[in-house]
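Asker: What follows is a structure written as structure tokens; I'll ask about it next.
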Amino acid sequence: MRRALLLLAVLSVALGGVRPLQAQTSANNGNDRRIDVTVFDEQGLPVLGAQVTATQRQANLSRTATSATERFTLQGLAPGVYSVRVSAAGFQVQEVSADLQAQASQTIEVRLKPAGITEQLVVTAARFEQRIADIPASVNVVSNEQIERSPAVVADDVLRQIPTFSLFRRTSSIVANPTAQGVSLRGIGPSGVSRTLVLLDDVPFNDPFGGWVYWTRMPMMNADRIEMVDGATSSLYGNYAMGGVINVVSNRPSPRTVIFKPQYGNRGTPKLDLFASDVWGKVAVSFDATALQTDGYVIVAPEERGAVDNEANVRYQNASGRLDYNPTDRVNVFFRAGVFDEDRDNGKIGELNNTTWKYGNGGTRLRLKDGSNLEGRVFVDNVDFFQNTFAVPAATPPRSVSNLSLEKTVPTNAVGTMVQWSRAFDARGRAHVVSAGTDFRRIEGDSDELTYALATGLTPLIHRVAGGTQNFTGFFAQDLMEITSKLQLTLAVRVDNWLNHDAHNRETLLATMQPTAAHKDPLPDKSDTAFSPRLAALYRASDRVSLWGSISKGFRAPTLKELYSPFRVGQVLTLANETLGPERLTGGEIGLSVAANDRVTVRGTWFDNRVNNPIANVTVATNNVPVTPGCAGAPTCRQLKNLGSTNISGFQTDLAYRIDTHLSVSTAYVYDLAKVHESAPDAVGNDLTGKYLAQVPKHRVSFAVNYSHPKYVNISFDTEYSSMQFDDDLNVATIFPTIPAKTEVGLPAYAVANFSVSRTMSRNVDVFFGVQNLFDTVYYVGTNPTTIGTPRLVNGGVRLKVGR
């Protein structure tokens, strides 16, 4: 924490002394015209962080300016008539005209209207910018304003306001083991491994070895918005996008800006955030850093808590820098690098894990003379992960003894590339936006493990090194075409090939230093191919009503962890399986969007997805009956297996109502019916056909009320409800199995409320206060042992901004 504070202080001083410069300019060859733009909202208050672009279409010229204030200057312009486009997060895009033919300068004042849901701009759904109203898919956006007014200190707790979003378990990443932080949308394949691709500025964010997500690594203060696309998006993004895509879009660097946000919460939870940026002509730089530590809380319910149980907690630091260089209006070169370090205590004495993640990416965006766009990037990741696991044997009193069962170190290296081309044109009187591209990723990882004798936890028995290399290569193409002024079609297709090679499971019995019966080196190479098409149509019945539908295919290949690395949660041991094949999804959806007026928007979507060969945790032995290799000593032993098929269908809807300039309400709901459609009986004789998928509740609801008056106060109140969900594949696991009065199958329904309030004290100072789980509701997130969710968390602080 001290190192983070020192780094923040040094950077603040350095950037505070930088001389401000205007946006990129070129004042030669008679290009001496300028446009001055001031941007306000409907109340006449400044809109900060907007982007202003002036375009002279005849000459195919464009100039863009950003600013930390409401004032923008575009200078070095040639004579002519310009279209000036003003956009800002949370507001409708507005275009005005500026005539510099006969005058040297023009001053423009723009007043932006708040954007309804369908007016917001996103880039993730089609890999280029579109209004939500023009997208034949279910899309949600969490704006920077929503992030700021949330009392949550980690990103996953912010995103829970969207009911289709869920992690493998209900637990917050404040205390959850990283390997349990896989994300699923609409309940598609809930497990520690994500069935949703997570991106940071279009770069893969999922852990390369195991597919889960470090939500603590996600920058919150530097996020302009978080875009979420429900449904199969493999036709554009390939692996992991079987269930959807989440993309964090960062703020653009603005001149001479420093934002410092210290806060403190109960349970010993200080957090520091910093964002700093500046622009020097054609060069823009930014830096963001976050540091948090917390004493956490004991996650095992008091009724089952024992001497081995202590607080689960986390300490992390994350810092990254970004450089943008724009030598001309047609060329953008960018680079980003960062480091993330996290240490966790996992809720049992001595049980911990830590992660160090170094990452970098860079590339270029080109606007070609024919009007097309070309983008290419390279990204690298180096991840070092350590974890130990303690087993809790039967003892008197219960949970009074724990023994070391496993230690593992997982070094992983990944490198990837992406190239994408896009162009808008007319053909036979129809408008088209065509894009095509290719990407490649190589992941190398090993799980280096020591297995200990369960009876004592003192004697290492087996040394295992299991892992390999995965290569993924994909090609995609998409055509978005306007058939008529009312009808739009989207055709997309992608082909992916992946190869697992250099795989091995090297097991040595330490007592004899001889290979075990499970030793396999090398393991056979495996390869497969996936074809992921998508057909979608959007019909605009009017300016306010649109109907859309889509049919698509998606896939997910098993991760290195699923193939080669076992894991333990409580008394449940889950074995890896090197024979796993890919999951394949076929899905369809129909949606309706109605903007009743400028203040009310209602949307609804029906969805139906069939997943073939889903990877699931399947119970194979209880107390090693029947005898199963690798299950000795485990009360419950499961193995990752491809089931026959699952079906996930349901309906989602949301409503947003802006009552007046200051007050708004919103609500969202999803009905999710997720069941095993077909499955052969397992080794114990269990047939999972007809069983509900674990960790998928049938009903989830959110409701929020927001009052915002910049001159006085901002107040937010929201609630989240989740119905009962099962915690295991057999739908039999119970909470409090030894307390008959409290025993209940599955995890009971729960609801929590959150509250935040903030006030602008001056142009550069905001103060805030927030509470998660306002009424300190006790809810349950796991069985065996029974574990509880986040108790009341209170925090408050100040947001300091220095900028032009």
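Residue numbering restarts at 1 for every chain of the structure tokens, chains are lettered A, B, ... in their displayed order, and ligands are numbered from 1 as they appear.
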Can you list, as a PyMOL selection string, every protein, DNA or RNA residue that comes within 8 Å of Thr508 in chain A when you count only C-alpha atoms, leaving out same-chain residues fewer than 5 positions away?
Answerer: chain A and resi 462-464+513-516+519
Asker: Give the strand (DSSP E) residues of range 683-788 of chain A, as DSSP finds them on the backbone, and put them as an MDAnalysis selection string.
Answerer: chainID A and resid 699:709 713:722 734:735 744:745 750:762 765:772 780:782 787:788
Asker: When you look at Ala394 in chain A with a cut-off of 12 Å (counting only C-alpha atoms), what residues show up, excluding the ones that are within fewer than 6 positions of it in the same chain? I need them as an mmCIF file with N, CA, C and O atoms, in the first residue's frame.
Answerer:
```
data_model
loop_
_atom_site.group_PDB
_atom_site.id
_atom_site.type_symbol
_atom_site.label_atom_id
_atom_site.label_comp_id
_atom_site.auth_asym_id
_atom_site.auth_seq_id
_atom_site.Cartn_x
_atom_site.Cartn_y
_atom_site.Cartn_z
ATOM 1 N N GLY A 306 -15.649 -23.436 12.635
ATOM 2 C CA GLY A 306 -14.775 -24.118 13.580
ATOM 3 C C GLY A 306 -13.461 -23.388 13.751
ATOM 4 O O GLY A 306 -13.259 -22.281 13.226
ATOM 5 N N SER A 400 -12.234 -28.532 13.429
ATOM 6 C CA SER A 400 -11.179 -28.146 14.363
ATOM 7 C C SER A 400 -9.796 -28.521 13.855
ATOM 8 O O SER A 400 -8.784 -28.132 14.441
ATOM 9 N N VAL A 401 -9.757 -29.295 12.763
ATOM 10 C CA VAL A 401 -8.483 -29.748 12.198
ATOM 11 C C VAL A 401 -8.510 -29.535 10.693
ATOM 12 O O VAL A 401 -9.526 -29.797 10.037
ATOM 13 N N SER A 402 -7.408 -29.070 10.144
ATOM 14 C CA SER A 402 -7.258 -28.999 8.685
ATOM 15 C C SER A 402 -5.846 -29.422 8.324
ATOM 16 O O SER A 402 -4.892 -29.120 9.043
ATOM 17 N N ASN A 403 -5.727 -30.132 7.212
ATOM 18 C CA ASN A 403 -4.433 -30.652 6.781
ATOM 19 C C ASN A 403 -4.138 -30.205 5.355
ATOM 20 O O ASN A 403 -5.029 -30.229 4.494
ATOM 21 N N LEU A 454 -3.389 -36.915 3.243
ATOM 22 C CA LEU A 454 -4.543 -36.261 3.839
ATOM 23 C C LEU A 454 -4.605 -36.462 5.353
ATOM 24 O O LEU A 454 -5.131 -35.613 6.074
ATOM 25 N N ALA A 455 -4.063 -37.575 5.844
ATOM 26 C CA ALA A 455 -4.177 -37.874 7.271
ATOM 27 C C ALA A 455 -3.416 -36.870 8.128
ATOM 28 O O ALA A 455 -3.841 -36.542 9.242
ATOM 29 N N GLN A 571 -14.825 -30.226 0.962
ATOM 30 C CA GLN A 571 -14.615 -31.674 0.946
ATOM 31 C C GLN A 571 -14.868 -32.281 -0.434
ATOM 32 O O GLN A 571 -14.961 -33.496 -0.566
ATOM 33 N N GLY A 633 -9.545 -40.697 -0.365
ATOM 34 C CA GLY A 633 -9.520 -39.710 0.708
ATOM 35 C C GLY A 633 -10.494 -38.571 0.537
ATOM 36 O O GLY A 633 -10.625 -37.742 1.437
ATOM 37 N N ALA A 634 -11.189 -38.482 -0.590
ATOM 38 C CA ALA A 634 -12.125 -37.384 -0.827
ATOM 39 C C ALA A 634 -13.544 -37.832 -0.486
ATOM 40 O O ALA A 634 -14.043 -38.797 -1.073
ATOM 41 N N PRO A 635 -14.227 -37.168 0.458
ATOM 42 C CA PRO A 635 -15.618 -37.546 0.766
ATOM 43 C C PRO A 635 -16.512 -37.498 -0.469
ATOM 44 O O PRO A 635 -17.344 -38.377 -0.669
#
```
Asker: For the atom pair CA of Val771 in chain A and CA of Ile788 in chain A, what is the interatomic distance in Å to one decimal place?
Answerer: 17.9 Å
Asker: For Ala517 in chain A, please output as a list in words all residues within 12 Å (counting only C-alpha atoms; exclusion window: fewer than 5 positions along the same chain).
Answerer: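 In the requested format, the answer is Ile462, Asn505, Arg506, Glu507, Thr508, Leu509, Pro629 and Gly630 of chain A.
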Asker: Those selected residues, please, written with N, CA, C and O atoms and delivered as a PDB file, in the first residue's frame.
Answerer:
```pdb
ATOM      1  N   ILE A 462       2.961 -37.064  -3.963  1.00  0.00           N
ATOM      2  CA  ILE A 462       3.070 -37.105  -5.417  1.00  0.00           C
ATOM      3  C   ILE A 462       3.474 -35.726  -5.935  1.00  0.00           C
ATOM      4  O   ILE A 462       2.938 -34.706  -5.479  1.00  0.00           O
ATOM      5  N   ASN A 505       1.287 -35.263 -18.445  1.00  0.00           N
ATOM      6  CA  ASN A 505       0.910 -35.423 -17.046  1.00  0.00           C
ATOM      7  C   ASN A 505       2.011 -36.246 -16.394  1.00  0.00           C
ATOM      8  O   ASN A 505       1.971 -37.476 -16.375  1.00  0.00           O
ATOM      9  N   ARG A 506       3.002 -35.547 -15.889  1.00  0.00           N
ATOM     10  CA  ARG A 506       4.170 -36.205 -15.307  1.00  0.00           C
ATOM     11  C   ARG A 506       3.946 -36.357 -13.808  1.00  0.00           C
ATOM     12  O   ARG A 506       3.992 -35.376 -13.069  1.00  0.00           O
ATOM     13  N   GLU A 507       3.692 -37.585 -13.379  1.00  0.00           N
ATOM     14  CA  GLU A 507       3.429 -37.856 -11.970  1.00  0.00           C
ATOM     15  C   GLU A 507       4.511 -38.765 -11.414  1.00  0.00           C
ATOM     16  O   GLU A 507       4.822 -39.812 -11.995  1.00  0.00           O
ATOM     17  N   THR A 508       5.057 -38.338 -10.293  1.00  0.00           N
ATOM     18  CA  THR A 508       6.118 -39.109  -9.643  1.00  0.00           C
ATOM     19  C   THR A 508       5.718 -39.419  -8.210  1.00  0.00           C
ATOM     20  O   THR A 508       5.341 -38.499  -7.454  1.00  0.00           O
ATOM     21  N   LEU A 509       5.771 -40.693  -7.817  1.00  0.00           N
ATOM     22  CA  LEU A 509       5.540 -41.090  -6.429  1.00  0.00           C
ATOM     23  C   LEU A 509       6.821 -40.806  -5.657  1.00  0.00           C
ATOM     24  O   LEU A 509       7.860 -41.433  -5.892  1.00  0.00           O
ATOM     25  N   PRO A 629      -9.625 -43.936  -9.640  1.00  0.00           N
ATOM     26  CA  PRO A 629      -8.261 -43.397  -9.553  1.00  0.00           C
ATOM     27  C   PRO A 629      -8.273 -41.900  -9.268  1.00  0.00           C
ATOM     28  O   PRO A 629      -8.990 -41.132  -9.905  1.00  0.00           O
ATOM     29  N   GLY A 630      -7.507 -41.490  -8.250  1.00  0.00           N
ATOM     30  CA  GLY A 630      -7.379 -40.078  -7.908  1.00  0.00           C
ATOM     31  C   GLY A 630      -8.357 -39.609  -6.860  1.00  0.00           C
ATOM     32  O   GLY A 630      -8.265 -38.473  -6.384  1.00  0.00           O
TER      33      GLY A 630
END
```
Asker: What's the separation between CA of Lys675 in chain A and CA of Ala616 in chain A, in Å to one decimal place?
Answerer: 12.2 Å
Asker: So, with only C-alpha atoms as the atoms that count, which of A:Asp278, A:Asp202, A:Asp729, A:Asp273 lies closest to Gln420 in chain A?
Answerer: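 Of A:Asp278, A:Asp202, A:Asp729, A:Asp273, the one nearest Gln420 in chain A, counting only C-alpha atoms, is A:Asp202.
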Asker: Could the residues of range 618-727 of chain A that have an atom at most 12 Å from range 778-784 of chain A be listed as a tab-separated table, each with its closest atom pair and the distance in Å to one decimal, counting only C-alpha atoms and ordered by chain and ascending residue number?
Answerer:
```
residue	atom	partner	partner_atom	distance
A:Pro635	CA	A:Asn784	CA	10.4
A:Thr636	CA	A:Asn784	CA	9.9
A:Ala694	CA	A:Gly782	CA	11.0
A:Gln695	CA	A:Val781	CA	9.3
A:Tyr721	CA	A:Tyr779	CA	11.1
A:Ser722	CA	A:Tyr779	CA	10.4
A:Ser723	CA	A:Tyr779	CA	11.3
A:Met724	CA	A:Tyr780	CA	10.0
A:Gln725	CA	A:Val781	CA	9.6
A:Phe726	CA	A:Gly782	CA	9.4
A:Asp727	CA	A:Gly782	CA	6.6
```
Asker: Env of Lys261 in chain A: 7 Å cut, atoms = only C-alpha atoms, seq-sep filter 2 positions within chain, self excluded. Answer as a PyMOL selection string.
Answerer: chain A and resi 259+263+272-274+798-800
Asker: Closest to Thr605 in chain A among A:Gln652, A:Thr389, A:Thr196, A:Asn795, using only C-alpha atoms?
Answerer: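 Using only C-alpha atoms, the shortest distance to Thr605 in chain A belongs to A:Gln652.
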Asker: Just how far from CA of Ile162 in chain A is CA of Phe717 in chain A, in Å to one decimal?
Answerer: 14.6 Å
Asker: Excluding range 354-363 of chain A and residues on its chain fewer than 4 positions from it, collect all residues at most 9 Å away from it, counting only C-alpha atoms, and give them as a PyMOL selection string.
Answerer: chain A and resi 203+320+332-345+375-387
Asker: For the selection you just gave me, I'd like the residues written to a file as a PDB file, in the first residue's frame, keeping C-alpha atoms.
Answerer:
```pdb
ATOM      1  CA  VAL A 203      -8.010  -7.272 -25.598  1.00  0.00           C
ATOM      2  CA  SER A 320      -1.111   0.468 -16.134  1.00  0.00           C
ATOM      3  CA  ASN A 332      -3.333   6.098 -34.554  1.00  0.00           C
ATOM      4  CA  VAL A 333      -0.600   4.119 -32.819  1.00  0.00           C
ATOM      5  CA  PHE A 334      -1.245   2.877 -29.297  1.00  0.00           C
ATOM      6  CA  PHE A 335       0.527   0.945 -26.549  1.00  0.00           C
ATOM      7  CA  ARG A 336      -0.475  -0.199 -23.079  1.00  0.00           C
ATOM      8  CA  ALA A 337       1.407  -2.062 -20.340  1.00  0.00           C
ATOM      9  CA  GLY A 338       0.675  -2.881 -16.745  1.00  0.00           C
ATOM     10  CA  VAL A 339       1.184  -5.117 -13.745  1.00  0.00           C
ATOM     11  CA  PHE A 340      -1.274  -6.640 -11.275  1.00  0.00           C
ATOM     12  CA  ASP A 341      -0.426  -8.256  -7.958  1.00  0.00           C
ATOM     13  CA  GLU A 342      -2.918  -9.946  -5.621  1.00  0.00           C
ATOM     14  CA  ASP A 343      -2.623 -11.869  -2.339  1.00  0.00           C
ATOM     15  CA  ARG A 344      -5.560 -13.688  -0.752  1.00  0.00           C
ATOM     16  CA  ASP A 345      -6.373 -15.583   2.425  1.00  0.00           C
ATOM     17  CA  GLU A 375      -6.698  -2.199 -37.252  1.00  0.00           C
ATOM     18  CA  GLY A 376      -4.035  -4.543 -35.941  1.00  0.00           C
ATOM     19  CA  ARG A 377      -2.768  -5.318 -32.474  1.00  0.00           C
ATOM     20  CA  VAL A 378      -0.466  -7.659 -30.540  1.00  0.00           C
ATOM     21  CA  PHE A 379      -0.959  -8.607 -26.881  1.00  0.00           C
ATOM     22  CA  VAL A 380       1.115 -10.596 -24.372  1.00  0.00           C
ATOM     23  CA  ASP A 381       0.420 -11.938 -20.863  1.00  0.00           C
ATOM     24  CA  ASN A 382       2.673 -13.441 -18.211  1.00  0.00           C
ATOM     25  CA  VAL A 383       0.814 -14.892 -15.204  1.00  0.00           C
ATOM     26  CA  ASP A 384       2.263 -16.554 -12.106  1.00  0.00           C
ATOM     27  CA  PHE A 385      -0.306 -18.173  -9.811  1.00  0.00           C
ATOM     28  CA  PHE A 386       0.235 -19.984  -6.495  1.00  0.00           C
ATOM     29  CA  GLN A 387      -2.351 -21.730  -4.353  1.00  0.00           C
TER      30      GLN A 387
END
```
Asker: Just the residues within 10 Å of Arg149 in chain A, please, counting only C-alpha atoms, with nothing from its chain fewer than 5 positions along; format it as a ChimeraX atom specification.
Answerer: /A:144,158,706,708,714-717,755-758,768-770
Asker: Would you put the residues from that selection into a file with N, CA and C atoms, as a PDB file, in the first residue's frame?
Answerer:
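After the write, again01.pdb holds the following:
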```pdb
ATOM      1  N   ASN A 144     -19.965   5.225 -16.883  1.00  0.00           N
ATOM      2  CA  ASN A 144     -19.050   5.707 -15.855  1.00  0.00           C
ATOM      3  C   ASN A 144     -19.818   6.311 -14.685  1.00  0.00           C
ATOM      4  N   VAL A 158     -20.608  -4.286  -9.102  1.00  0.00           N
ATOM      5  CA  VAL A 158     -21.307  -3.271  -9.905  1.00  0.00           C
ATOM      6  C   VAL A 158     -22.191  -3.945 -10.946  1.00  0.00           C
ATOM      7  N   ASN A 706     -32.596   6.627  -8.850  1.00  0.00           N
ATOM      8  CA  ASN A 706     -31.469   7.565  -8.827  1.00  0.00           C
ATOM      9  C   ASN A 706     -31.980   8.998  -8.864  1.00  0.00           C
ATOM     10  N   SER A 708     -30.334  12.803  -9.118  1.00  0.00           N
ATOM     11  CA  SER A 708     -29.072  13.472  -9.416  1.00  0.00           C
ATOM     12  C   SER A 708     -29.309  14.959  -9.614  1.00  0.00           C
ATOM     13  N   ASN A 714     -26.484  13.764  -5.000  1.00  0.00           N
ATOM     14  CA  ASN A 714     -26.788  12.606  -5.833  1.00  0.00           C
ATOM     15  C   ASN A 714     -27.068  11.430  -4.907  1.00  0.00           C
ATOM     16  N   ILE A 715     -28.211  10.778  -5.106  1.00  0.00           N
ATOM     17  CA  ILE A 715     -28.606   9.670  -4.246  1.00  0.00           C
ATOM     18  C   ILE A 715     -28.999   8.479  -5.116  1.00  0.00           C
ATOM     19  N   SER A 716     -28.524   7.294  -4.748  1.00  0.00           N
ATOM     20  CA  SER A 716     -28.870   6.069  -5.473  1.00  0.00           C
ATOM     21  C   SER A 716     -29.275   4.985  -4.483  1.00  0.00           C
ATOM     22  N   PHE A 717     -30.325   4.262  -4.845  1.00  0.00           N
ATOM     23  CA  PHE A 717     -30.778   3.122  -4.054  1.00  0.00           C
ATOM     24  C   PHE A 717     -31.128   1.998  -5.021  1.00  0.00           C
ATOM     25  N   PHE A 755     -27.018   1.364  -1.134  1.00  0.00           N
ATOM     26  CA  PHE A 755     -27.328   2.790  -1.053  1.00  0.00           C
ATOM     27  C   PHE A 755     -26.046   3.591  -1.204  1.00  0.00           C
ATOM     28  N   SER A 756     -26.137   4.727  -1.915  1.00  0.00           N
ATOM     29  CA  SER A 756     -24.992   5.631  -1.995  1.00  0.00           C
ATOM     30  C   SER A 756     -25.480   7.065  -2.101  1.00  0.00           C
ATOM     31  N   VAL A 757     -24.662   7.985  -1.619  1.00  0.00           N
ATOM     32  CA  VAL A 757     -24.959   9.412  -1.691  1.00  0.00           C
ATOM     33  C   VAL A 757     -23.647  10.147  -1.939  1.00  0.00           C
ATOM     34  N   SER A 758     -23.691  11.175  -2.765  1.00  0.00           N
ATOM     35  CA  SER A 758     -22.498  11.967  -3.040  1.00  0.00           C
ATOM     36  C   SER A 758     -22.896  13.422  -3.240  1.00  0.00           C
ATOM     37  N   PHE A 768     -18.334  11.288  -1.053  1.00  0.00           N
ATOM     38  CA  PHE A 768     -19.297  10.213  -1.274  1.00  0.00           C
ATOM     39  C   PHE A 768     -19.324   9.263  -0.088  1.00  0.00           C
ATOM     40  N   PHE A 769     -20.450   8.547   0.017  1.00  0.00           N
ATOM     41  CA  PHE A 769     -20.659   7.576   1.085  1.00  0.00           C
ATOM     42  C   PHE A 769     -21.557   6.480   0.514  1.00  0.00           C
ATOM     43  N   GLY A 770     -21.244   5.221   0.813  1.00  0.00           N
ATOM     44  CA  GLY A 770     -22.037   4.128   0.266  1.00  0.00           C
ATOM     45  C   GLY A 770     -22.127   2.936   1.204  1.00  0.00           C
TER      46      GLY A 770
END
```
Asker: Which residue out of A:Leu730, A:Ala126, A:Ala674, A:Ile659 has the minimum interatomic distance to Val433 in chain A when only C-alpha atoms are used?
Answerer: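 Of A:Leu730, A:Ala126, A:Ala674, A:Ile659, the one nearest Val433 in chain A is A:Ala126, counting only C-alpha atoms.
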Asker: May I ask which of the residues A:Ser447, A:Ser422, A:Gln103, A:Ser172 is the closest one to Gln772 in chain A, counting only C-alpha atoms?
Answerer: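 Looking at the shortest contact to Gln772 in chain A, the residue is A:Ser172.
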Asker: Compare A:Met218, A:Ala319, A:Val183, A:Ala537 by their minimum atom-to-atom distance to Met481 in chain A, counting only C-alpha atoms, and give me the closest one.
Answerer: A:Ala537
